[in-house]
Amino acid sequence: AEKESDIPWLSELLVLFLRNQIRVAPAMPILAVLLAITTLQWVPALVSMTWLAAALACQGIQVYLGQWYFRKERTLDDARDWIGMLSASELMTGVCWSLPLFVFWPNAGSMQQIYMLASVMAVIAVRLLIVNSFMPVLIAGTGVLTVGVALRCVFESDPIYLALGGTIVALEAFFL
């Protein structure tokens with residue numbers, strides 16, 4: 001089997017991504033706790049805390065994968081498998097972070113809705129900073145988040161929501 005080091009850029013980008021993932025790992029739980037605590041104003045505690053547990057579990061999986069990667073030398077085939085696993089993990093995280101826009105939304109007031117959109121947009125920004133070196137991983141995570149924000153905004157009739165949806169789609173396109 002080819003060694004991952006036979007294609008240096010793949011190895012370097014993967015290591016860079018995983019180091020970024022581990023380095024900024026505390027940001028995601030902080031954002032999740034802030035969102036969950038805030039949503040307790042209009043969402044039943046069980047629903048909010050269940051979402052928080054899921055968000056923390058997704059982050060835990062991502063950190064675990066990052067740490068696990070560095071435990072031994074990898075072949076090129078391993079690196080490709082890792083990109084697939086990391087993409088799946090990122091997709092799962094993106095879906096989890098999109099859920100508040102649909103589950104918590106119905107009982108929220110307009111300011112609470114804007115807060116949720118801003119929170120998810122902040123998560124997109126964090127994920128873009130971490131994942132910028134791997135297109136499949138980037139699209140899996142931020143793509144699903146961007147689609148979630150855009151859909152949520154399109155479902156609303158207020159022009160401010162349409163503007164926010166357009167903004168996030170434009171930013172995603174810019175970063176891609």
# chains A, B, ... in the order shown; residues from 1 in each chain; ligands from 1
>>> residues_around(residues="Gly60 (chain A)", least_positions_apart="3", cutoff="12 Å", atoms="only C-alpha atoms", output="ChimeraX atom specification")
/A:21-22,25-26,28-29,53-57,63-68,89-90,92-93
>>> write_last_selection(atoms="N, CA and C atoms", output="tab-separated table (two decimals), in the first residue's frame")
chain	number	residue	atom	x	y	z
A	21	GLN	N	-8.89	20.99	14.46
A	21	GLN	CA	-10.08	20.41	15.08
A	21	GLN	C	-9.89	20.26	16.59
A	22	ILE	N	-8.73	19.75	16.98
A	22	ILE	CA	-8.45	19.54	18.40
A	22	ILE	C	-8.22	20.87	19.11
A	25	ALA	N	-11.47	22.77	19.71
A	25	ALA	CA	-12.55	21.92	20.20
A	25	ALA	C	-13.43	22.57	21.27
A	26	PRO	N	-12.90	23.38	22.18
A	26	PRO	CA	-13.77	23.98	23.20
A	26	PRO	C	-14.80	24.97	22.66
A	28	MET	N	-16.97	24.76	20.15
A	28	MET	CA	-18.27	24.18	19.80
A	28	MET	C	-19.12	23.87	21.04
A	29	PRO	N	-18.57	23.24	22.08
A	29	PRO	CA	-19.39	23.02	23.27
A	29	PRO	C	-19.85	24.32	23.93
A	53	ALA	N	-27.09	17.42	24.47
A	53	ALA	CA	-26.37	16.14	24.59
A	53	ALA	C	-25.93	15.64	23.21
A	54	ALA	N	-26.78	15.77	22.22
A	54	ALA	CA	-26.43	15.34	20.86
A	54	ALA	C	-25.30	16.19	20.30
A	55	ALA	N	-25.36	17.50	20.50
A	55	ALA	CA	-24.31	18.40	20.00
A	55	ALA	C	-22.97	18.09	20.68
A	56	LEU	N	-23.01	17.85	21.98
A	56	LEU	CA	-21.78	17.52	22.70
A	56	LEU	C	-21.24	16.16	22.26
A	57	ALA	N	-22.12	15.21	22.00
A	57	ALA	CA	-21.70	13.89	21.52
A	57	ALA	C	-21.03	14.01	20.15
A	63	VAL	N	-13.53	15.10	18.26
A	63	VAL	CA	-12.27	15.19	19.00
A	63	VAL	C	-11.63	13.81	19.13
A	64	TYR	N	-12.45	12.81	19.42
A	64	TYR	CA	-11.93	11.45	19.53
A	64	TYR	C	-11.27	11.00	18.22
A	65	LEU	N	-11.93	11.25	17.10
A	65	LEU	CA	-11.35	10.89	15.80
A	65	LEU	C	-10.03	11.61	15.58
A	66	GLY	N	-9.99	12.88	15.94
A	66	GLY	CA	-8.76	13.65	15.78
A	66	GLY	C	-7.62	13.08	16.59
A	67	GLN	N	-7.89	12.73	17.82
A	67	GLN	CA	-6.84	12.17	18.67
A	67	GLN	C	-6.46	10.76	18.22
A	68	TRP	N	-7.42	9.99	17.78
A	68	TRP	CA	-7.19	8.62	17.34
A	68	TRP	C	-6.27	8.59	16.12
A	89	SER	N	-18.60	12.43	10.08
A	89	SER	CA	-18.68	13.09	11.39
A	89	SER	C	-19.11	14.55	11.23
A	90	GLU	N	-18.56	15.20	10.22
A	90	GLU	CA	-18.90	16.61	9.97
A	90	GLU	C	-20.36	16.74	9.52
A	92	MET	N	-22.81	14.69	10.34
A	92	MET	CA	-23.61	14.46	11.54
A	92	MET	C	-23.66	15.72	12.41
A	93	THR	N	-22.53	16.38	12.55
A	93	THR	CA	-22.49	17.62	13.33
A	93	THR	C	-23.33	18.71	12.67
>>> residues_around(residues="Arg127 (chain A)", least_positions_apart="3", cutoff="9 Å", atoms="only C-alpha atoms", output="JSON list (two decimals) with N, CA and C atoms, in the first residue's frame")
[["chain", "number", "residue", "atom", "x", "y", "z"],
["A", 21, "GLN", "N", -8.89, 20.99, 14.46],
["A", 21, "GLN", "CA", -10.08, 20.41, 15.08],
["A", 21, "GLN", "C", -9.89, 20.26, 16.59],
["A", 90, "GLU", "N", -18.56, 15.20, 10.22],
["A", 90, "GLU", "CA", -18.90, 16.61, 9.97],
["A", 90, "GLU", "C", -20.36, 16.74, 9.52],
["A", 122, "ALA", "N", -22.64, 31.47, 13.31],
["A", 122, "ALA", "CA", -21.36, 31.47, 14.02],
["A", 122, "ALA", "C", -20.71, 30.08, 13.95],
["A", 123, "VAL", "N", -21.51, 29.05, 14.07],
["A", 123, "VAL", "CA", -21.00, 27.69, 13.96],
["A", 123, "VAL", "C", -20.44, 27.45, 12.56],
["A", 124, "ILE", "N", -21.13, 27.95, 11.55],
["A", 124, "ILE", "CA", -20.63, 27.81, 10.18],
["A", 124, "ILE", "C", -19.26, 28.48, 10.07],
["A", 130, "ILE", "N", -11.95, 25.79, 10.66],
["A", 130, "ILE", "CA", -11.32, 24.52, 11.01],
["A", 130, "ILE", "C", -11.13, 23.63, 9.80],
["A", 131, "VAL", "N", -12.13, 23.55, 8.95],
["A", 131, "VAL", "CA", -12.21, 22.52, 7.92],
["A", 131, "VAL", "C", -11.72, 23.01, 6.55],
["A", 132, "ASN", "N", -11.24, 24.19, 6.44],
["A", 132, "ASN", "CA", -10.97, 24.80, 5.13],
["A", 132, "ASN", "C", -10.05, 24.00, 4.22],
["A", 138, "LEU", "N", -15.58, 19.88, 4.32],
["A", 138, "LEU", "CA", -16.15, 21.23, 4.37],
["A", 138, "LEU", "C", -17.59, 21.24, 3.88],
["A", 141, "GLY", "N", -20.13, 19.40, 6.29],
["A", 141, "GLY", "CA", -20.54, 20.11, 7.50],
["A", 141, "GLY", "C", -21.18, 21.46, 7.24],
["A", 142, "THR", "N", -20.41, 22.35, 6.62],
["A", 142, "THR", "CA", -20.95, 23.69, 6.42],
["A", 142, "THR", "C", -22.01, 23.71, 5.34]]
>>> select_by_dssp(residues="region 20-95 of chain A", states="helix (DSSP H, G or I)", output="JSON list (two decimals) with N, CA, C and O atoms, in the first residue's frame")
[["chain", "number", "residue", "atom", "x", "y", "z"],
["A", 20, "ASN", "N", -6.21, 21.58, 13.92],
["A", 20, "ASN", "CA", -7.18, 22.67, 14.10],
["A", 20, "ASN", "C", -8.42, 22.18, 14.84],
["A", 20, "ASN", "O", -8.94, 22.86, 15.71],
["A", 21, "GLN", "N", -8.89, 20.99, 14.46],
["A", 21, "GLN", "CA", -10.08, 20.41, 15.08],
["A", 21, "GLN", "C", -9.89, 20.26, 16.59],
["A", 21, "GLN", "O", -10.75, 20.61, 17.37],
["A", 22, "ILE", "N", -8.73, 19.75, 16.98],
["A", 22, "ILE", "CA", -8.45, 19.54, 18.40],
["A", 22, "ILE", "C", -8.22, 20.87, 19.11],
["A", 22, "ILE", "O", -8.71, 21.09, 20.22],
["A", 23, "ARG", "N", -7.50, 21.77, 18.45],
["A", 23, "ARG", "CA", -7.15, 23.06, 19.07],
["A", 23, "ARG", "C", -8.38, 23.91, 19.40],
["A", 23, "ARG", "O", -8.44, 24.54, 20.44],
["A", 27, "ALA", "N", -14.59, 25.52, 21.49],
["A", 27, "ALA", "CA", -15.52, 26.52, 20.95],
["A", 27, "ALA", "C", -16.90, 25.94, 20.71],
["A", 27, "ALA", "O", -17.92, 26.58, 21.03],
["A", 28, "MET", "N", -16.97, 24.76, 20.15],
["A", 28, "MET", "CA", -18.27, 24.18, 19.80],
["A", 28, "MET", "C", -19.12, 23.87, 21.04],
["A", 28, "MET", "O", -20.30, 24.22, 21.07],
["A", 29, "PRO", "N", -18.57, 23.24, 22.08],
["A", 29, "PRO", "CA", -19.39, 23.02, 23.27],
["A", 29, "PRO", "C", -19.85, 24.32, 23.93],
["A", 29, "PRO", "O", -20.97, 24.40, 24.43],
["A", 30, "ILE", "N", -19.01, 25.34, 23.89],
["A", 30, "ILE", "CA", -19.41, 26.63, 24.47],
["A", 30, "ILE", "C", -20.61, 27.19, 23.70],
["A", 30, "ILE", "O", -21.59, 27.63, 24.30],
["A", 31, "LEU", "N", -20.52, 27.17, 22.37],
["A", 31, "LEU", "CA", -21.64, 27.65, 21.56],
["A", 31, "LEU", "C", -22.90, 26.80, 21.79],
["A", 31, "LEU", "O", -24.00, 27.34, 21.87],
["A", 32, "ALA", "N", -22.72, 25.50, 21.94],
["A", 32, "ALA", "CA", -23.86, 24.60, 22.18],
["A", 32, "ALA", "C", -24.52, 24.89, 23.53],
["A", 32, "ALA", "O", -25.75, 24.96, 23.63],
["A", 33, "VAL", "N", -23.72, 25.07, 24.56],
["A", 33, "VAL", "CA", -24.27, 25.36, 25.89],
["A", 33, "VAL", "C", -25.00, 26.71, 25.87],
["A", 33, "VAL", "O", -26.11, 26.82, 26.42],
["A", 34, "LEU", "N", -24.40, 27.70, 25.24],
["A", 34, "LEU", "CA", -25.07, 29.01, 25.16],
["A", 34, "LEU", "C", -26.42, 28.91, 24.46],
["A", 34, "LEU", "O", -27.42, 29.47, 24.92],
["A", 35, "LEU", "N", -26.45, 28.20, 23.34],
["A", 35, "LEU", "CA", -27.71, 28.06, 22.61],
["A", 35, "LEU", "C", -28.73, 27.28, 23.43],
["A", 35, "LEU", "O", -29.89, 27.69, 23.54],
["A", 36, "ALA", "N", -28.31, 26.18, 24.02],
["A", 36, "ALA", "CA", -29.25, 25.35, 24.80],
["A", 36, "ALA", "C", -29.81, 26.12, 25.99],
["A", 36, "ALA", "O", -31.02, 26.07, 26.25],
["A", 37, "ILE", "N", -28.96, 26.83, 26.71],
["A", 37, "ILE", "CA", -29.44, 27.60, 27.88],
["A", 37, "ILE", "C", -30.40, 28.69, 27.44],
["A", 37, "ILE", "O", -31.44, 28.90, 28.06],
["A", 38, "THR", "N", -30.07, 29.37, 26.36],
["A", 38, "THR", "CA", -30.93, 30.45, 25.88],
["A", 38, "THR", "C", -32.29, 29.91, 25.43],
["A", 38, "THR", "O", -33.32, 30.52, 25.70],
["A", 39, "THR", "N", -32.29, 28.77, 24.75],
["A", 39, "THR", "CA", -33.56, 28.22, 24.25],
["A", 39, "THR", "C", -34.47, 27.72, 25.36],
["A", 39, "THR", "O", -35.65, 27.50, 25.11],
["A", 45, "ALA", "N", -37.32, 21.98, 28.59],
["A", 45, "ALA", "CA", -35.97, 21.64, 29.04],
["A", 45, "ALA", "C", -35.50, 20.31, 28.47],
["A", 45, "ALA", "O", -34.34, 20.17, 28.06],
["A", 46, "LEU", "N", -36.36, 19.32, 28.42],
["A", 46, "LEU", "CA", -35.97, 18.01, 27.91],
["A", 46, "LEU", "C", -35.53, 18.09, 26.45],
["A", 46, "LEU", "O", -34.53, 17.49, 26.05],
["A", 47, "VAL", "N", -36.25, 18.86, 25.66],
["A", 47, "VAL", "CA", -35.92, 19.02, 24.24],
["A", 47, "VAL", "C", -34.58, 19.74, 24.10],
["A", 47, "VAL", "O", -33.69, 19.31, 23.35],
["A", 48, "SER", "N", -34.43, 20.82, 24.82],
["A", 48, "SER", "CA", -33.20, 21.61, 24.75],
["A", 48, "SER", "C", -31.99, 20.81, 25.22],
["A", 48, "SER", "O", -30.94, 20.81, 24.57],
["A", 49, "MET", "N", -32.15, 20.10, 26.33],
["A", 49, "MET", "CA", -31.03, 19.34, 26.87],
["A", 49, "MET", "C", -30.71, 18.10, 26.03],
["A", 49, "MET", "O", -29.57, 17.68, 25.95],
["A", 50, "THR", "N", -31.73, 17.53, 25.38],
["A", 50, "THR", "CA", -31.48, 16.40, 24.48],
["A", 50, "THR", "C", -30.65, 16.87, 23.29],
["A", 50, "THR", "O", -29.69, 16.21, 22.87],
["A", 51, "TRP", "N", -31.02, 18.04, 22.74],
["A", 51, "TRP", "CA", -30.23, 18.58, 21.64],
["A", 51, "TRP", "C", -28.80, 18.87, 22.11],
["A", 51, "TRP", "O", -27.83, 18.55, 21.40],
["A", 52, "LEU", "N", -28.65, 19.45, 23.30],
["A", 52, "LEU", "CA", -27.32, 19.75, 23.83],
["A", 52, "LEU", "C", -26.49, 18.47, 23.95],
["A", 52, "LEU", "O", -25.32, 18.45, 23.55],
["A", 53, "ALA", "N", -27.09, 17.42, 24.47],
["A", 53, "ALA", "CA", -26.37, 16.14, 24.59],
["A", 53, "ALA", "C", -25.93, 15.64, 23.21],
["A", 53, "ALA", "O", -24.80, 15.16, 23.05],
["A", 54, "ALA", "N", -26.78, 15.77, 22.22],
["A", 54, "ALA", "CA", -26.43, 15.34, 20.86],
["A", 54, "ALA", "C", -25.30, 16.19, 20.30],
["A", 54, "ALA", "O", -24.36, 15.66, 19.69],
["A", 55, "ALA", "N", -25.36, 17.50, 20.50],
["A", 55, "ALA", "CA", -24.31, 18.40, 20.00],
["A", 55, "ALA", "C", -22.97, 18.09, 20.68],
["A", 55, "ALA", "O", -21.92, 18.07, 20.01],
["A", 56, "LEU", "N", -23.01, 17.85, 21.98],
["A", 56, "LEU", "CA", -21.78, 17.52, 22.70],
["A", 56, "LEU", "C", -21.24, 16.16, 22.26],
["A", 56, "LEU", "O", -20.02, 15.98, 22.15],
["A", 57, "ALA", "N", -22.12, 15.21, 22.00],
["A", 57, "ALA", "CA", -21.70, 13.89, 21.52],
["A", 57, "ALA", "C", -21.03, 14.01, 20.15],
["A", 57, "ALA", "O", -19.99, 13.39, 19.91],
["A", 58, "CYS", "N", -21.61, 14.81, 19.26],
["A", 58, "CYS", "CA", -21.01, 15.03, 17.94],
["A", 58, "CYS", "C", -19.61, 15.61, 18.08],
["A", 58, "CYS", "O", -18.67, 15.17, 17.42],
["A", 59, "GLN", "N", -19.47, 16.58, 18.96],
["A", 59, "GLN", "CA", -18.16, 17.19, 19.18],
["A", 59, "GLN", "C", -17.19, 16.19, 19.79],
["A", 59, "GLN", "O", -16.02, 16.13, 19.41],
["A", 60, "GLY", "N", -17.68, 15.39, 20.71],
["A", 60, "GLY", "CA", -16.84, 14.36, 21.31],
["A", 60, "GLY", "C", -16.32, 13.38, 20.28],
["A", 60, "GLY", "O", -15.15, 12.98, 20.31],
["A", 61, "ILE", "N", -17.18, 12.98, 19.36],
["A", 61, "ILE", "CA", -16.77, 12.07, 18.29],
["A", 61, "ILE", "C", -15.68, 12.71, 17.43],
["A", 61, "ILE", "O", -14.68, 12.08, 17.08],
["A", 62, "GLN", "N", -15.86, 13.98, 17.11],
["A", 62, "GLN", "CA", -14.87, 14.65, 16.27],
["A", 62, "GLN", "C", -13.52, 14.76, 16.98],
["A", 62, "GLN", "O", -12.48, 14.54, 16.37],
["A", 63, "VAL", "N", -13.53, 15.10, 18.26],
["A", 63, "VAL", "CA", -12.27, 15.19, 19.00],
["A", 63, "VAL", "C", -11.63, 13.81, 19.13],
["A", 63, "VAL", "O", -10.42, 13.66, 18.94],
["A", 64, "TYR", "N", -12.45, 12.81, 19.42],
["A", 64, "TYR", "CA", -11.93, 11.45, 19.53],
["A", 64, "TYR", "C", -11.27, 11.00, 18.22],
["A", 64, "TYR", "O", -10.17, 10.45, 18.23],
["A", 65, "LEU", "N", -11.93, 11.25, 17.10],
["A", 65, "LEU", "CA", -11.35, 10.89, 15.80],
["A", 65, "LEU", "C", -10.03, 11.61, 15.58],
["A", 65, "LEU", "O", -9.07, 11.02, 15.09],
["A", 66, "GLY", "N", -9.99, 12.88, 15.94],
["A", 66, "GLY", "CA", -8.76, 13.65, 15.78],
["A", 66, "GLY", "C", -7.62, 13.08, 16.59],
["A", 66, "GLY", "O", -6.49, 12.94, 16.10],
["A", 67, "GLN", "N", -7.89, 12.73, 17.82],
["A", 67, "GLN", "CA", -6.84, 12.17, 18.67],
["A", 67, "GLN", "C", -6.46, 10.76, 18.22],
["A", 67, "GLN", "O", -5.30, 10.38, 18.27],
["A", 68, "TRP", "N", -7.42, 9.99, 17.78],
["A", 68, "TRP", "CA", -7.19, 8.62, 17.34],
["A", 68, "TRP", "C", -6.27, 8.59, 16.12],
["A", 68, "TRP", "O", -5.42, 7.71, 15.98],
["A", 69, "TYR", "N", -6.43, 9.55, 15.24],
["A", 69, "TYR", "CA", -5.63, 9.60, 14.02],
["A", 69, "TYR", "C", -4.14, 9.61, 14.32],
["A", 69, "TYR", "O", -3.34, 8.98, 13.63],
["A", 76, "LEU", "N", -1.86, 5.67, 2.56],
["A", 76, "LEU", "CA", -2.69, 6.53, 1.73],
["A", 76, "LEU", "C", -4.14, 6.06, 1.75],
["A", 76, "LEU", "O", -5.07, 6.86, 1.84],
["A", 77, "ASP", "N", -4.35, 4.74, 1.68],
["A", 77, "ASP", "CA", -5.71, 4.21, 1.76],
["A", 77, "ASP", "C", -6.35, 4.57, 3.09],
["A", 77, "ASP", "O", -7.54, 4.90, 3.15],
["A", 78, "ASP", "N", -5.57, 4.51, 4.17],
["A", 78, "ASP", "CA", -6.08, 4.91, 5.48],
["A", 78, "ASP", "C", -6.51, 6.38, 5.45],
["A", 78, "ASP", "O", -7.55, 6.75, 5.99],
["A", 79, "ALA", "N", -5.69, 7.22, 4.82],
["A", 79, "ALA", "CA", -6.00, 8.65, 4.77],
["A", 79, "ALA", "C", -7.32, 8.88, 4.04],
["A", 79, "ALA", "O", -8.14, 9.68, 4.48],
["A", 80, "ARG", "N", -7.53, 8.15, 2.95],
["A", 80, "ARG", "CA", -8.80, 8.29, 2.22],
["A", 80, "ARG", "C", -9.97, 7.85, 3.10],
["A", 80, "ARG", "O", -11.03, 8.48, 3.10],
["A", 81, "ASP", "N", -9.78, 6.75, 3.83],
["A", 81, "ASP", "CA", -10.83, 6.30, 4.76],
["A", 81, "ASP", "C", -11.08, 7.34, 5.84],
["A", 81, "ASP", "O", -12.23, 7.58, 6.22],
["A", 82, "TRP", "N", -10.01, 7.96, 6.32],
["A", 82, "TRP", "CA", -10.15, 8.98, 7.35],
["A", 82, "TRP", "C", -10.93, 10.18, 6.83],
["A", 82, "TRP", "O", -11.75, 10.74, 7.54],
["A", 83, "ILE", "N", -10.66, 10.58, 5.61],
["A", 83, "ILE", "CA", -11.41, 11.70, 5.04],
["A", 83, "ILE", "C", -12.89, 11.35, 4.98],
["A", 83, "ILE", "O", -13.74, 12.17, 5.28],
["A", 84, "GLY", "N", -13.20, 10.10, 4.63],
["A", 84, "GLY", "CA", -14.59, 9.65, 4.62],
["A", 84, "GLY", "C", -15.21, 9.67, 6.01],
["A", 84, "GLY", "O", -16.33, 10.14, 6.20],
["A", 85, "MET", "N", -14.48, 9.16, 7.01],
["A", 85, "MET", "CA", -15.00, 9.17, 8.39],
["A", 85, "MET", "C", -15.19, 10.59, 8.90],
["A", 85, "MET", "O", -16.19, 10.90, 9.55],
["A", 86, "LEU", "N", -14.23, 11.44, 8.60],
["A", 86, "LEU", "CA", -14.32, 12.83, 9.05],
["A", 86, "LEU", "C", -15.46, 13.56, 8.35],
["A", 86, "LEU", "O", -16.14, 14.38, 8.97],
["A", 87, "SER", "N", -15.68, 13.25, 7.09],
["A", 87, "SER", "CA", -16.82, 13.85, 6.37],
["A", 87, "SER", "C", -18.14, 13.40, 7.00],
["A", 87, "SER", "O", -19.05, 14.22, 7.17],
["A", 88, "ALA", "N", -18.23, 12.12, 7.34],
["A", 88, "ALA", "CA", -19.46, 11.62, 7.98],
["A", 88, "ALA", "C", -19.66, 12.27, 9.33],
["A", 88, "ALA", "O", -20.78, 12.66, 9.68],
["A", 89, "SER", "N", -18.60, 12.43, 10.08],
["A", 89, "SER", "CA", -18.68, 13.09, 11.39],
["A", 89, "SER", "C", -19.11, 14.55, 11.23],
["A", 89, "SER", "O", -19.94, 15.07, 12.00],
["A", 90, "GLU", "N", -18.56, 15.20, 10.22],
["A", 90, "GLU", "CA", -18.90, 16.61, 9.97],
["A", 90, "GLU", "C", -20.36, 16.74, 9.52],
["A", 90, "GLU", "O", -21.07, 17.66, 9.93],
["A", 91, "LEU", "N", -20.82, 15.81, 8.70],
["A", 91, "LEU", "CA", -22.21, 15.81, 8.27],
["A", 91, "LEU", "C", -23.15, 15.63, 9.46],
["A", 91, "LEU", "O", -24.14, 16.35, 9.60],
["A", 92, "MET", "N", -22.81, 14.69, 10.34],
["A", 92, "MET", "CA", -23.61, 14.46, 11.54],
["A", 92, "MET", "C", -23.66, 15.72, 12.41],
["A", 92, "MET", "O", -24.72, 16.10, 12.90],
["A", 93, "THR", "N", -22.53, 16.38, 12.55],
["A", 93, "THR", "CA", -22.49, 17.62, 13.33],
["A", 93, "THR", "C", -23.33, 18.71, 12.67],
["A", 93, "THR", "O", -24.07, 19.43, 13.34],
["A", 94, "GLY", "N", -23.23, 18.82, 11.35],
["A", 94, "GLY", "CA", -24.01, 19.83, 10.62],
["A", 94, "GLY", "C", -25.51, 19.60, 10.77],
["A", 94, "GLY", "O", -26.28, 20.54, 10.97],
["A", 95, "VAL", "N", -25.93, 18.35, 10.67],
["A", 95, "VAL", "CA", -27.35, 18.02, 10.85],
["A", 95, "VAL", "C", -27.80, 18.38, 12.26],
["A", 95, "VAL", "O", -28.85, 19.00, 12.46]]
>>> residues_around(residues="region 161-168 of chain A", least_positions_apart="4", cutoff="8 Å", atoms="only C-alpha atoms", output="list in words")
Met121, Thr146, Val149, Ala150, Leu151, Arg152, Cys153, Val154, Glu156, Ser157 and Glu172 of chain A
>>> residues_around(residues="region 99-110 of chain A", least_positions_apart="5", cutoff="7 Å", atoms="only C-alpha atoms", output="VMD selection string")
chain A and resid 42 to 43 116 152
>>> atom_distance(atom1="CA of Arg71 (chain A)", atom2="CA of Leu10 (chain A)")
17.6 Å
